[in-house]
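Report on the structure given below.
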Amino acid sequence: MKFDLPYMLSLFAMPELWRAALTVIELSAVSWILAVVLGFPLACARLSRRAWLSMPAGIYIWFFRSVPLLVAAIVIYNLPQMFPATGPWFSHPFFSGMVALVLTETAYMAEIHRGGLNSVARGQREAAFALGLQGVGIQRLVIIPQALRIALPTLANQYIACVKLTSLISVISLGELLLVGQQLYAQNLLVMETLCAITVYYVGIVTVFGWIVRYLENRFDLPARQPGALDALQVNALRARLAPETFGPRATVRDATPALILQRLHKRYGAHHVLKGIDLQVRRGEVVSIIGPSGSGKTSLIRTINALEPLDDGEIVLYGKPFIAARAKGLNRARREGLLTVGMVFQSFNLFPHRTIAENVMLAPRYHRRRNAADARTQALGLLDKVGLLAHADKYPHQLSGGQQQRVAIARALAMEPAIMLFDEPTSALDPELVGEVLKVISALADEGMTMLIVTHEMDFAMSISDRIVFMEDGVIQLAASPNEIRQRADADRIRRFIGVEQGQGNRQAERAARVVSPVSLVNQGALGSA
């Protein structure tokens, strides 16, 4: 049988096939968009710890991934026979086909979204929570942009599946490409020529969409974004335009009212009792370093102070007001307001990778409406200048070294003007040569009177900067004393062995403090600005 090429080519000028192709595009695009949108809350419900949400979502996904689209389309199209009131809607093949596609595709989209959501590191949620973001704000500003970037290739592939699945809707007499093609070759018996033309139409639709997807993927390709650093002249010009504002901690007064009171704190992970009745008071403007062997409960303690870990027993009082109580559910007003006064710097930085470092610093003040966009950027640039990174303001986190990322994390926490700063082993994820630049920034904050709790393994740094050192072991505080008391007291032998100092060793705090250089002065010399 001879292939009739002229006839096949003539099909590309046939208005009926172009109208059918438009129907395919409309049906697949509308169904795909609705499925992408509806699949996200379904994925969130599937991930919920509440059984009344996760179980129905799981059943929906299981059922509609099991039902063939052909069956779903026929059932929905024939619903008016059982429910006549649905006739005006489901008697229309396009609407019935769209509903069938949306119902089945939403189940697949939900699983794609679930994979994207699970791929976003837990630290991203914790960092957003520490900045005072809540529920919808965390999802909208932090989680969804990252999850969509991860899931985009798979979501786009699912659109291609939607395009091909529209051919099944021909069973309910929708005038799409396959049905029109069947009608043509039923008249002239030129089956191969007609199907080849139909194939070209489908390939064309998928190809055009593929170009759009590649454009979007390039737009979302973070490693490909490589904005450069400003040179010295540009940095100086930008610094000159900044408002003469002190971008530092809130003014603190060392008075008798404790900044923090921890009372009988207990924390368990299953059968493992991590915190065993912690009692501690922190004065305003005091720098407290928490040290101890691994597994002693240091990180768990500091994470309870900003509600990242719930307490099993005990209470935390913030500036004389109740803040966190054991087994308290939800965020009441006191806890919500208290969290905004406590800044947190994490061991692994937890910067938001889809935002520039200036946008990282601006995020929380803008979210809480403390500043407008212009003022928030001015503040962000001032804080980045403070930590020696003004030249890198428009870079992304992946372009920075570990030490630079940690300094951005400090600036981001300071943007909310916290009264207390928490540091969870801020240098343990850094190479040795990068530790110093972070410790200098923390030392400058101590000089400014910031109240700080620092979990650290840098013993020399802790002894030089701290007003008090808390030594934890086996979930309890073994000793809380000043560096000088640790060197002198007879009952501090265990902590001296841990730190590596001898009893009676001279007080080197002033000597070491004299060698700590303010990062602001280093910026002026160009040392940190080019780091």
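Just so we're on the same page: first chain in the structure tokens is A, next is B, and so on; residues restart at 1 for each chain, and ligands are numbered from 1 in the order they show up.
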Go through region 154-294 of chain A and collect every residue that DSSP, computed from the backbone, puts in strand (DSSP E or B); the answer should be as an NGL selection string. :A and (258-269 or 272-283 or 287-291)
For Gly181 (chain A), list every protein, DNA or RNA residue within 7 Å, evaluated using only C-alpha atoms, and leave out those in the same chain fewer than 2 positions away; present the list as a ChimeraX atom specification. /A:177-179,183-185,194-195,198
Could you go through region 105-350 of chain A and tell me which residues DSSP, when run on the backbone, assigns to alpha helix (DSSP H), listing them as number ranges by chain? A: 105-119, 122-130, 135-138, 144-165, 177-188, 191-219, 232-241, 298-305, 333-339
Thr341 (chain A) surroundings by only C-alpha atoms, 8 Å radius, close-in-sequence under 3 positions cut, as a PyMOL selection string: chain A and resi 337-338+416-420
Arg377 (chain A) proximity check over A:Ile212, A:Ile61, A:Val287, A:Arg241, using only C-alpha atoms: winner is A:Arg241
Would you list the contacts of Tyr77 (chain A) as a PyMOL selection string, taking every protein, DNA or RNA residue within 12 Å and counting only C-alpha atoms, but skipping same-chain residues closer than 4 positions in sequence? chain A and resi 70-73+81-84+86-100+169-174
Do you know which residues are at most 10 Å from Leu69 (chain A) counting only C-alpha atoms, after dropping those on the same chain fewer than 3 positions away, and could you put them as a PyMOL selection string? chain A and resi 64-66+72-75+97+100-105+165-166+168-169
To one decimal place, how far is CA of Gly135 (chain A) from CA of Thr451 (chain A) in Å?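 Separation between CA of Gly135 (chain A) and CA of Thr451 (chain A): 28.5 Å.
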Env of region 261-268 of chain A: 7 Å cut, atoms = only C-alpha atoms, seq-sep filter 3 positions within chain, self excluded. Answer as a ChimeraX atom specification. /A:258,271-282,311-318
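Near Leu422 (chain A), within a cut-off of 8 Å and counting only C-alpha atoms, sit the residues Ile302, Val342, Gly343, Met344, Val345, Ile420, Asp424, Met452, Leu453 and Ile454 of chain A, with same-chain residues fewer than 2 positions away left out.
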Considering only C-alpha atoms, state which residue in the set A:Thr356, A:Ser443, A:Ser28, A:Ser464 is at the smallest distance from Arg225 (chain A). A:Thr356
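For the choices A:Gly137, A:Pro145, A:Pro310, A:Gly403, the atom-to-atom distance to Pro426 (chain A) is smallest for A:Gly403 when using only C-alpha atoms.
Across the structure, CA of Val235 (chain A) and CA of Pro432 (chain A) are spaced 27.9 Å apart.
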